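Undergrad: My file is upload23.pdb. It has PDB, C-alpha atoms and all ligand atoms:
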ATOM      1  CA  MET V 696     -12.917  24.251  32.646
ATOM      2  CA  SER V 697     -12.673  24.248  36.461
ATOM      3  CA  ALA V 698     -11.749  27.925  36.774
ATOM      4  CA  LEU V 699     -12.196  29.458  40.199
ATOM      5  CA  ARG V 700     -13.706  32.947  40.147
ATOM      6  CA  VAL V 701     -12.580  35.293  42.919
ATOM      7  CA  ASP V 702     -14.051  38.775  43.256
ATOM      8  CA  ILE V 703     -12.316  41.130  45.687
ATOM      9  CA  ILE V 704     -13.889  44.282  47.117
ATOM     10  CA  THR V 705     -11.222  46.646  48.453
ATOM     11  CA  LEU V 706     -10.280  50.302  48.903
ATOM     12  CA  PHE V 707      -6.840  49.486  47.498
ATOM     13  CA  PRO V 708      -7.170  47.440  44.291
ATOM     14  CA  ALA V 709      -3.704  48.552  43.170
ATOM     15  CA  MET V 710      -2.135  46.619  46.069
ATOM     16  CA  PHE V 711      -3.075  43.367  44.314
ATOM     17  CA  THR V 712      -1.599  44.007  40.894
ATOM     18  CA  GLY V 713       2.015  43.235  41.828
ATOM     19  CA  PRO V 714       1.455  39.862  43.536
ATOM     20  CA  PHE V 715      -1.213  38.737  41.060
ATOM     21  CA  ASN V 716       0.934  39.588  38.055
ATOM     22  CA  GLU V 717       3.854  37.417  39.124
ATOM     23  CA  SER V 718       4.694  33.775  39.385
ATOM     24  CA  MET V 719       2.083  31.086  39.928
ATOM     25  CA  THR V 720      -0.940  33.304  40.254
ATOM     26  CA  LYS V 721      -0.199  34.897  36.896
ATOM     27  CA  ARG V 722       0.277  31.477  35.326
ATOM     28  CA  ALA V 723      -3.070  30.322  36.751
ATOM     29  CA  ILE V 724      -4.812  33.447  35.436
ATOM     30  CA  ASP V 725      -3.141  33.187  32.014
ATOM     31  CA  ARG V 726      -4.209  29.548  31.740
ATOM     32  CA  ASP V 727      -7.837  30.422  32.623
ATOM     33  CA  LEU V 728      -7.700  28.400  35.833
ATOM     34  CA  LEU V 729      -8.227  31.464  38.000
ATOM     35  CA  ASP V 730     -10.470  34.461  37.253
ATOM     36  CA  ILE V 731      -9.722  37.345  39.634
ATOM     37  CA  ARG V 732     -11.894  40.486  39.493
ATOM     38  CA  LEU V 733     -10.989  43.528  41.575
ATOM     39  CA  HIS V 734     -13.592  46.076  42.668
ATOM     40  CA  ASP V 735     -12.842  49.493  44.156
ATOM     41  CA  LEU V 736     -15.199  50.115  47.079
ATOM     42  CA  ARG V 737     -15.136  53.856  46.306
ATOM     43  CA  ASP V 738     -16.885  53.167  42.999
ATOM     44  CA  TYR V 739     -19.985  52.277  45.045
ATOM     45  CA  THR V 740     -20.298  55.646  46.790
ATOM     46  CA  HIS V 741     -22.566  58.438  45.546
ATOM     47  CA  ASP V 742     -21.288  61.597  47.233
ATOM     48  CA  ARG V 743     -18.749  64.096  45.837
ATOM     49  CA  HIS V 744     -16.062  62.989  48.277
ATOM     50  CA  ARG V 745     -16.629  59.272  47.671
ATOM     51  CA  THR V 746     -16.954  58.724  51.421
ATOM     52  CA  VAL V 747     -16.507  55.141  52.617
ATOM     53  CA  ASP V 748     -16.118  55.628  56.384
ATOM     54  CA  ASP V 749     -17.615  57.494  59.306
ATOM     55  CA  TYR V 750     -17.211  57.994  63.059
ATOM     56  CA  PRO V 751     -18.183  55.113  65.341
ATOM     57  CA  TYR V 752     -21.495  55.414  67.193
ATOM     58  CA  GLY V 753     -20.742  55.631  70.902
ATOM     59  CA  GLY V 754     -17.457  57.377  70.285
ATOM     60  CA  GLY V 755     -13.913  56.119  70.310
ATOM     61  CA  ALA V 756     -10.835  56.321  68.153
ATOM     62  CA  GLY V 757     -10.708  55.563  64.456
ATOM     63  CA  MET V 758     -13.262  55.269  61.716
ATOM     64  CA  VAL V 759     -15.682  52.550  60.651
ATOM     65  CA  LEU V 760     -16.527  51.491  57.089
ATOM     66  CA  LYS V 761     -20.067  52.574  56.258
ATOM     67  CA  PRO V 762     -22.550  49.842  55.366
ATOM     68  CA  GLU V 763     -24.033  51.402  52.191
ATOM     69  CA  PRO V 764     -21.020  51.152  49.830
ATOM     70  CA  VAL V 765     -20.206  47.629  51.018
ATOM     71  CA  PHE V 766     -23.811  46.428  50.550
ATOM     72  CA  GLU V 767     -24.005  48.043  47.107
ATOM     73  CA  ALA V 768     -20.671  46.585  46.026
ATOM     74  CA  VAL V 769     -21.553  43.079  47.236
ATOM     75  CA  GLU V 770     -25.005  43.234  45.595
ATOM     76  CA  ALA V 771     -23.546  44.483  42.300
ATOM     77  CA  VAL V 772     -20.900  41.748  42.210
ATOM     78  CA  ALA V 773     -22.878  38.815  43.639
ATOM     79  CA  GLY V 774     -26.121  39.491  41.776
ATOM     80  CA  PRO V 775     -29.604  38.797  43.131
ATOM     81  CA  ASP V 776     -29.792  37.048  46.497
ATOM     82  CA  ARG V 777     -31.653  33.975  45.247
ATOM     83  CA  SER V 778     -29.704  33.542  42.031
ATOM     84  CA  ALA V 779     -28.701  29.952  41.196
ATOM     85  CA  GLU V 780     -25.021  30.837  41.157
ATOM     86  CA  ARG V 781     -23.896  32.806  44.153
ATOM     87  CA  PRO V 782     -20.440  33.353  45.605
ATOM     88  CA  ARG V 783     -19.313  32.325  49.059
ATOM     89  CA  ILE V 784     -18.897  35.718  50.736
ATOM     90  CA  ILE V 785     -15.855  35.941  52.985
ATOM     91  CA  LEU V 786     -14.892  38.878  55.185
ATOM     92  CA  LEU V 787     -11.209  39.205  56.060
ATOM     93  CA  THR V 788     -11.116  40.333  59.674
ATOM     94  CA  PRO V 789      -8.903  39.904  62.753
ATOM     95  CA  GLN V 790     -11.965  38.381  64.464
ATOM     96  CA  GLY V 791     -12.366  35.636  61.868
ATOM     97  CA  GLN V 792     -11.595  31.934  62.128
ATOM     98  CA  ARG V 793      -7.892  31.366  61.703
ATOM     99  CA  LEU V 794      -6.985  30.293  58.158
ATOM    100  CA  THR V 795      -5.732  26.691  58.090
ATOM    101  CA  GLN V 796      -4.945  24.297  55.257
ATOM    102  CA  GLU V 797      -8.270  22.595  56.040
ATOM    103  CA  THR V 798     -10.115  25.860  55.290
ATOM    104  CA  VAL V 799      -7.973  26.395  52.184
ATOM    105  CA  VAL V 800      -8.910  22.934  50.854
ATOM    106  CA  ARG V 801     -12.609  23.589  51.524
ATOM    107  CA  LEU V 802     -12.537  27.001  49.778
ATOM    108  CA  ALA V 803     -10.614  25.590  46.794
ATOM    109  CA  ALA V 804     -13.610  23.325  46.147
ATOM    110  CA  GLU V 805     -15.916  26.342  45.677
ATOM    111  CA  LYS V 806     -16.661  27.796  42.218
ATOM    112  CA  TRP V 807     -16.903  31.420  43.235
ATOM    113  CA  LEU V 808     -15.515  33.390  46.182
ATOM    114  CA  LEU V 809     -16.204  37.027  47.043
ATOM    115  CA  LEU V 810     -13.613  38.486  49.396
ATOM    116  CA  VAL V 811     -14.411  41.673  51.294
ATOM    117  CA  CYS V 812     -11.375  43.502  52.664
ATOM    118  CA  GLY V 813     -11.843  45.731  55.682
ATOM    119  CA  HIS V 814      -9.527  48.602  56.407
ATOM    120  CA  TYR V 815      -9.361  51.409  58.924
ATOM    121  CA  GLU V 816     -10.482  50.381  62.376
ATOM    122  CA  GLY V 817     -13.331  48.187  61.348
ATOM    123  CA  ILE V 818     -16.511  47.664  59.420
ATOM    124  CA  ASP V 819     -20.156  48.289  60.320
ATOM    125  CA  GLU V 820     -21.474  45.171  62.081
ATOM    126  CA  ARG V 821     -24.492  44.929  59.731
ATOM    127  CA  VAL V 822     -22.154  43.896  56.886
ATOM    128  CA  ARG V 823     -21.007  40.953  58.960
ATOM    129  CA  SER V 824     -24.443  39.906  60.162
ATOM    130  CA  ALA V 825     -26.447  40.352  56.941
ATOM    131  CA  LEU V 826     -24.002  39.782  54.094
ATOM    132  CA  VAL V 827     -21.111  37.576  55.075
ATOM    133  CA  ASP V 828     -21.016  33.765  55.016
ATOM    134  CA  GLU V 829     -17.686  33.341  56.737
ATOM    135  CA  GLU V 830     -15.017  35.447  58.496
ATOM    136  CA  VAL V 831     -11.329  34.653  58.116
ATOM    137  CA  SER V 832      -8.168  35.877  59.876
ATOM    138  CA  ILE V 833      -4.632  34.856  58.901
ATOM    139  CA  GLY V 834      -3.240  34.957  62.439
ATOM    140  CA  ASP V 835      -2.932  36.780  65.709
ATOM    141  CA  PHE V 836      -1.064  39.909  64.655
ATOM    142  CA  ILE V 837      -2.353  43.300  63.564
ATOM    143  CA  LEU V 838      -2.187  44.436  59.959
ATOM    144  CA  THR V 839      -3.514  47.635  58.420
ATOM    145  CA  GLY V 840      -6.209  45.901  56.391
ATOM    146  CA  GLY V 841      -7.595  42.734  54.852
ATOM    147  CA  GLU V 842      -5.761  43.133  51.532
ATOM    148  CA  LEU V 843      -2.639  41.109  52.383
ATOM    149  CA  PRO V 844      -4.781  38.399  54.051
ATOM    150  CA  ALA V 845      -6.912  38.245  50.858
ATOM    151  CA  MET V 846      -3.755  37.762  48.782
ATOM    152  CA  VAL V 847      -2.578  35.044  51.178
ATOM    153  CA  LEU V 848      -5.930  33.280  50.855
ATOM    154  CA  VAL V 849      -5.920  33.505  47.035
ATOM    155  CA  ASP V 850      -2.329  32.236  46.877
ATOM    156  CA  ALA V 851      -3.054  29.259  49.143
ATOM    157  CA  VAL V 852      -6.323  28.365  47.378
ATOM    158  CA  SER V 853      -5.090  28.831  43.807
ATOM    159  CA  ARG V 854      -2.225  26.377  44.141
ATOM    160  CA  LEU V 855      -4.838  23.669  44.832
ATOM    161  CA  ILE V 856      -6.755  24.266  41.588
ATOM    162  CA  PRO V 857      -6.126  21.272  39.304
ATOM    163  CA  GLY V 858      -3.497  22.207  36.710
ATOM    164  CA  VAL V 859      -1.962  25.126  38.604
ATOM    165  CA  LEU V 860       0.917  23.162  40.125
ATOM    166  CA  GLY V 861       3.100  20.704  38.275
ATOM    167  CA  GLU V 862       2.488  16.978  38.784
ATOM    168  CA  GLU V 863       5.478  16.514  41.111
ATOM    169  CA  GLU V 864       4.493  19.354  43.429
ATOM    170  CA  SER V 865       0.870  18.272  43.729
ATOM    171  CA  VAL V 866       1.942  14.807  44.868
ATOM    172  CA  ARG V 867       4.141  16.391  47.529
ATOM    173  CA  GLU V 868       1.024  18.066  48.904
ATOM    174  CA  GLU V 869      -0.080  14.662  50.163
ATOM    175  CA  SER V 870       3.021  14.188  52.296
ATOM    176  CA  PHE V 871       2.534  17.558  53.982
ATOM    177  CA  ALA V 872      -1.056  16.551  54.685
ATOM    178  CA  GLU V 873       0.386  13.907  57.011
ATOM    179  CA  GLY V 874       0.806  16.759  59.446
ATOM    180  CA  LEU V 875       4.557  16.689  60.136
ATOM    181  CA  LEU V 876       7.210  19.328  59.556
ATOM    182  CA  GLU V 877       9.445  18.725  56.573
ATOM    183  CA  TYR V 878      12.889  17.134  56.654
ATOM    184  CA  PRO V 879      15.977  19.285  55.864
ATOM    185  CA  GLN V 880      16.940  19.564  52.208
ATOM    186  CA  PHE V 881      20.325  19.943  50.543
ATOM    187  CA  THR V 882      21.629  20.366  47.021
ATOM    188  CA  ARG V 883      25.129  20.595  45.556
ATOM    189  CA  PRO V 884      27.902  21.254  46.444
ATOM    190  CA  PRO V 885      28.548  18.538  49.072
ATOM    191  CA  GLU V 886      30.721  20.994  51.018
ATOM    192  CA  PHE V 887      30.102  24.749  51.109
ATOM    193  CA  ARG V 888      32.296  26.999  53.269
ATOM    194  CA  GLY V 889      33.071  24.034  55.484
ATOM    195  CA  LEU V 890      29.371  23.138  55.885
ATOM    196  CA  THR V 891      28.700  19.575  54.794
ATOM    197  CA  VAL V 892      25.748  17.558  53.511
ATOM    198  CA  PRO V 893      24.779  14.504  55.644
ATOM    199  CA  GLU V 894      26.642  11.473  54.300
ATOM    200  CA  VAL V 895      23.497   9.326  54.066
ATOM    201  CA  LEU V 896      21.995  11.665  51.416
ATOM    202  CA  ILE V 897      25.091  11.351  49.228
ATOM    203  CA  SER V 898      25.216   7.560  49.660
ATOM    204  CA  GLY V 899      22.297   6.981  47.284
ATOM    205  CA  HIS V 900      20.937   4.281  49.596
ATOM    206  CA  HIS V 901      17.207   4.884  49.078
ATOM    207  CA  GLU V 902      15.933   3.026  52.147
ATOM    208  CA  LYS V 903      18.468   4.715  54.433
ATOM    209  CA  VAL V 904      17.554   8.104  52.918
ATOM    210  CA  ARG V 905      13.847   7.446  53.483
ATOM    211  CA  LEU V 906      14.423   6.469  57.121
ATOM    212  CA  TRP V 907      16.731   9.461  57.745
ATOM    213  CA  ARG V 908      14.148  11.882  56.320
ATOM    214  CA  ARG V 909      11.339  10.379  58.350
ATOM    215  CA  ARG V 910      13.396  10.562  61.534
ATOM    216  CA  GLU V 911      14.331  14.201  60.791
ATOM    217  CA  SER V 912      10.677  15.106  60.152
ATOM    218  CA  LEU V 913       9.660  13.511  63.418
ATOM    219  CA  CYS V 914      12.583  15.054  65.341
ATOM    220  CA  ARG V 915      11.778  18.551  64.084
ATOM    221  CA  THR V 916       8.090  18.139  64.768
ATOM    222  CA  LEU V 917       8.816  16.815  68.276
ATOM    223  CA  SER V 918      11.036  19.736  69.207
ATOM    224  CA  ARG V 919       9.345  22.622  67.353
ATOM    225  CA  ARG V 920       5.652  21.730  67.012
ATOM    226  CA  PRO V 921       4.965  18.847  69.426
ATOM    227  CA  GLU V 922       1.212  19.591  69.338
ATOM    228  CA  LEU V 923       1.161  18.419  65.687
ATOM    229  CA  LEU V 924       2.051  14.868  66.747
ATOM    230  CA  ALA V 925      -1.370  14.462  68.390
ATOM    231  CA  THR V 926      -3.127  14.754  65.014
ATOM    232  CA  ALA V 927      -0.369  13.527  62.659
ATOM    233  CA  ASP V 928      -0.883  10.452  60.519
ATOM    234  CA  LEU V 929       1.714   8.154  62.170
ATOM    235  CA  THR V 930       2.754   4.628  61.205
ATOM    236  CA  ASP V 931       4.099   1.966  63.601
ATOM    237  CA  GLU V 932       7.577   2.817  62.303
ATOM    238  CA  ASP V 933       6.991   6.499  63.154
ATOM    239  CA  ARG V 934       6.017   5.578  66.722
ATOM    240  CA  ARG V 935       9.155   3.467  67.096
ATOM    241  CA  LEU V 936      11.335   6.320  65.741
ATOM    242  CA  LEU V 937       9.639   8.774  68.106
ATOM    243  CA  GLU V 938      10.362   6.479  71.076
ATOM    244  CA  GLU V 939      14.038   6.409  70.063
ATOM    245  CA  LEU V 940      14.151  10.184  69.670
ATOM    246  CA  ARG V 941      12.552  10.788  73.054
ATOM    247  CA  ARG V 942      15.040   8.382  74.649
ATOM    248  CA  GLU V 943      18.236   9.668  73.028
ATOM    249  CA  ALA V 944      17.456  13.406  73.020
ATOM    250  CA  PRO V 945      14.954  14.215  75.774
ATOM    251  CA  GLY V 946      15.827  17.907  75.356
ATOM    252  CA  GLY V 947      14.745  17.887  71.731
ATOM    253  CA  GLU V 948      16.749  18.930  68.684
ATOM    254  CA  PRO V 949      20.441  19.757  69.012
ATOM    255  CA  PRO V 950      21.313  23.485  68.762
ATOM    256  CA  GLU V 951      19.605  24.788  65.664
ATOM    257  CA  LYS V 952      22.006  27.251  64.101
ATOM    258  CA  GLU V 953      25.566  26.732  62.952
ATOM    259  CA  SER V 954      27.839  28.657  65.350
ATOM    260  CA  ARG V 955      29.207  31.821  63.795
TER     261      ARG V 955
HETATM  262  C1  LIG Y1001      -6.676  45.893  62.378
HETATM  263  C2  LIG Y1001      -8.897  45.988  61.545
HETATM  264  C3  LIG Y1001      -7.144  46.156  63.662
HETATM  265  C4  LIG Y1001      -9.377  46.232  62.837
HETATM  266  C5  LIG Y1001     -13.617  47.458  67.703
HETATM  267  C6  LIG Y1001     -13.238  48.522  68.444
HETATM  268  C7  LIG Y1001      -8.069  41.094  58.120
HETATM  269  C8  LIG Y1001      -6.324  41.051  59.621
HETATM  270  C9  LIG Y1001      -7.294  41.874  58.948
HETATM  271  C10 LIG Y1001      -7.557  45.841  61.323
HETATM  272  C11 LIG Y1001      -8.506  46.332  63.895
HETATM  273  C12 LIG Y1001      -6.446  39.701  59.271
HETATM  274  C13 LIG Y1001     -11.674  48.048  67.111
HETATM  275  C14 LIG Y1001      -4.709  39.024  60.661
HETATM  276  C15 LIG Y1001      -5.299  41.353  60.589
HETATM  277  C16 LIG Y1001      -7.552  43.327  59.022
HETATM  278  C17 LIG Y1001      -7.051  45.546  59.948
HETATM  279  C18 LIG Y1001      -8.953  46.640  65.278
HETATM  280  C19 LIG Y1001     -10.345  48.093  66.428
HETATM  281  N1  LIG Y1001     -12.608  47.188  66.875
HETATM  282  N2  LIG Y1001      -5.659  38.681  59.777
HETATM  283  N3  LIG Y1001     -12.031  48.862  68.035
HETATM  284  N4  LIG Y1001      -4.551  40.302  61.060
HETATM  285  N5  LIG Y1001      -6.778  44.121  59.770
HETATM  286  N6  LIG Y1001     -10.253  47.182  65.371
HETATM  287  O1  LIG Y1001      -5.065  42.495  60.998
HETATM  288  O2  LIG Y1001      -8.487  43.813  58.432
HETATM  289  S1  LIG Y1001      -7.695  39.463  58.152
END
Let me see the file written as structure tokens.
TA:
Amino acid sequence: MSALRVDIITLFPAMFTGPFNESMTKRAIDRDLLDIRLHDLRDYTHDRHRTVDDYPYGGGAGMVLKPEPVFEAVEAVAGPDRSAERPRIILLTPQGQRLTQETVVRLAAEKWLLLVCGHYEGIDERVRSALVDEEVSIGDFILTGGELPAMVLVDAVSRLIPGVLGEEESVREESFAEGLLEYPQFTRPPEFRGLTVPEVLISGHHEKVRLWRRRESLCRTLSRRPELLATADLTDEDRRLLEELRREAPGGEPPEKESR
């Protein structure tokens, strides 16, 4: 089977049990599509206090993860350096490359990932330079550690493993890959507290619905994420719709929220 193995080295393995025991991730694990193995960094210390961090050379605030436990943990999990099967070793760090769907797709094609979660103020630079293949951040905001980013990465990657998503959902993936924001969605009832569903969606006129959705996608992208249009996969029809939108609403989308 095409199971993806993901080993995770962390000081807080218990943080992962909730998210990984719910929903899609659990289904993927139960169906042997995903094999997640958690490793407590403290198990790779040798002193009575199970010390994982120390003061930074040169002074300064905070503590730094010591190299020895991280090297020992990675070596124990990954096996010998020149083994035929070796994981792609990824460090979660605020200094990493920003996680994008492109990276997610590339990592989902691997057989074996080893995620190293930093915590505290940082990690000894020798881990990065001698052990790590790739450094990943999930965005420009400060968290307390790499655990949540590791869960985000596993969630994003695991839904791309064949068999994890239903057929319908995996086809939808392709439309998002076009690089536009999604059109608004509605379900019943047609009127809720005076808020109505656009008439065209109720009409059942498939071609009109298709055109409305495409226009909405383009309109939202134009007003909220215009930079996406430069790389989006646009048809001649899309370009014509965009021209119309720019002409009739140069200010972008109408006010976003219903007035309250
Ligand atoms: C937060 C580590 C701040 C280090 C040198 C001198 C992993 C993360 C993390 C954390 C610092 C990710 C310093 C988005 C994140 C993570 C913990 C600052 C201070 N360095 N993606 N002084 N945001 N965060 N280091 O925070 O480990 S991926």
Undergrad: Using all atoms listed in the file, which residues have at least one atom no more than 9 Å from ligand LIG 1001 (chain Y)? Output them as number ranges by chain.
TA: V: 751, 755-757, 759, 786-791, 793-794, 812-818, 830-845
Undergrad: Determine, for each residue of range 846-916 of chain V having at least one atom at most 10 Å from an atom of range 936-940 of chain V, the closest pair of atoms and their separation in Å to one decimal, counting all atoms listed in the file; order by chain and ascending number, as a Markdown table.
TA:
| residue | atom | partner | partner_atom | distance |
| --- | --- | --- | --- | --- |
| V:Leu906 | CA | V:Leu936 | CA | 9.2 |
| V:Arg909 | CA | V:Leu936 | CA | 8.4 |
| V:Arg910 | CA | V:Leu936 | CA | 6.3 |
| V:Glu911 | CA | V:Leu940 | CA | 9.7 |
| V:Leu913 | CA | V:Leu937 | CA | 6.7 |
| V:Cys914 | CA | V:Leu940 | CA | 6.7 |
Undergrad: Could you please take those selected residues and save C-alpha atoms as a PDB file, in the coordinates of the input?
TA:
ATOM      1  CA  LEU V 906      14.423   6.469  57.121  1.00  0.00           C
ATOM      2  CA  ARG V 909      11.339  10.379  58.350  1.00  0.00           C
ATOM      3  CA  ARG V 910      13.396  10.562  61.534  1.00  0.00           C
ATOM      4  CA  GLU V 911      14.331  14.201  60.791  1.00  0.00           C
ATOM      5  CA  LEU V 913       9.660  13.511  63.418  1.00  0.00           C
ATOM      6  CA  CYS V 914      12.583  15.054  65.341  1.00  0.00           C
TER       7      CYS V 914
END
Undergrad: Please write as a PDB file with C-alpha atoms, keeping the file's coordinate frame the full residue list that the PyMOL selection byres (((chain V and resi 798-804) around 8) and not hetatm) yields on this file.
TA:
ATOM      1  CA  LEU V 699     -12.196  29.458  40.199  1.00  0.00           C
ATOM      2  CA  LEU V 794      -6.985  30.293  58.158  1.00  0.00           C
ATOM      3  CA  THR V 795      -5.732  26.691  58.090  1.00  0.00           C
ATOM      4  CA  GLN V 796      -4.945  24.297  55.257  1.00  0.00           C
ATOM      5  CA  GLU V 797      -8.270  22.595  56.040  1.00  0.00           C
ATOM      6  CA  GLU V 805     -15.916  26.342  45.677  1.00  0.00           C
ATOM      7  CA  LYS V 806     -16.661  27.796  42.218  1.00  0.00           C
ATOM      8  CA  LEU V 808     -15.515  33.390  46.182  1.00  0.00           C
ATOM      9  CA  LEU V 848      -5.930  33.280  50.855  1.00  0.00           C
ATOM     10  CA  ALA V 851      -3.054  29.259  49.143  1.00  0.00           C
ATOM     11  CA  VAL V 852      -6.323  28.365  47.378  1.00  0.00           C
ATOM     12  CA  SER V 853      -5.090  28.831  43.807  1.00  0.00           C
ATOM     13  CA  LEU V 855      -4.838  23.669  44.832  1.00  0.00           C
ATOM     14  CA  ILE V 856      -6.755  24.266  41.588  1.00  0.00           C
TER      15      ILE V 856
END
Undergrad: Using the chain letters and numbers from the file, which residues does the PyMOL selection byres (((chain V and resi 710-723) around 12) and not hetatm) grab, as a ChimeraX atom specification?
TA: /V:697-700,702-709,724-735,812,840-861
Undergrad: Could you name the residues that touch Pro893 in chain V at 9 Å or less, counting only C-alpha atoms, but leaving out those on the same chain fewer than 4 positions away, as a ChimeraX atom specification?
TA: /V:881,885,897
Undergrad: Take the selection from the previous step and output its residues with C-alpha atoms, as a compact mmCIF listing (two decimals), in the frame of the given file.
TA:
# COMPACT_ATOMS: atom_id res chain seq x y z
CA PHE V 881 20.32 19.94 50.54
CA PRO V 885 28.55 18.54 49.07
CA ILE V 897 25.09 11.35 49.23
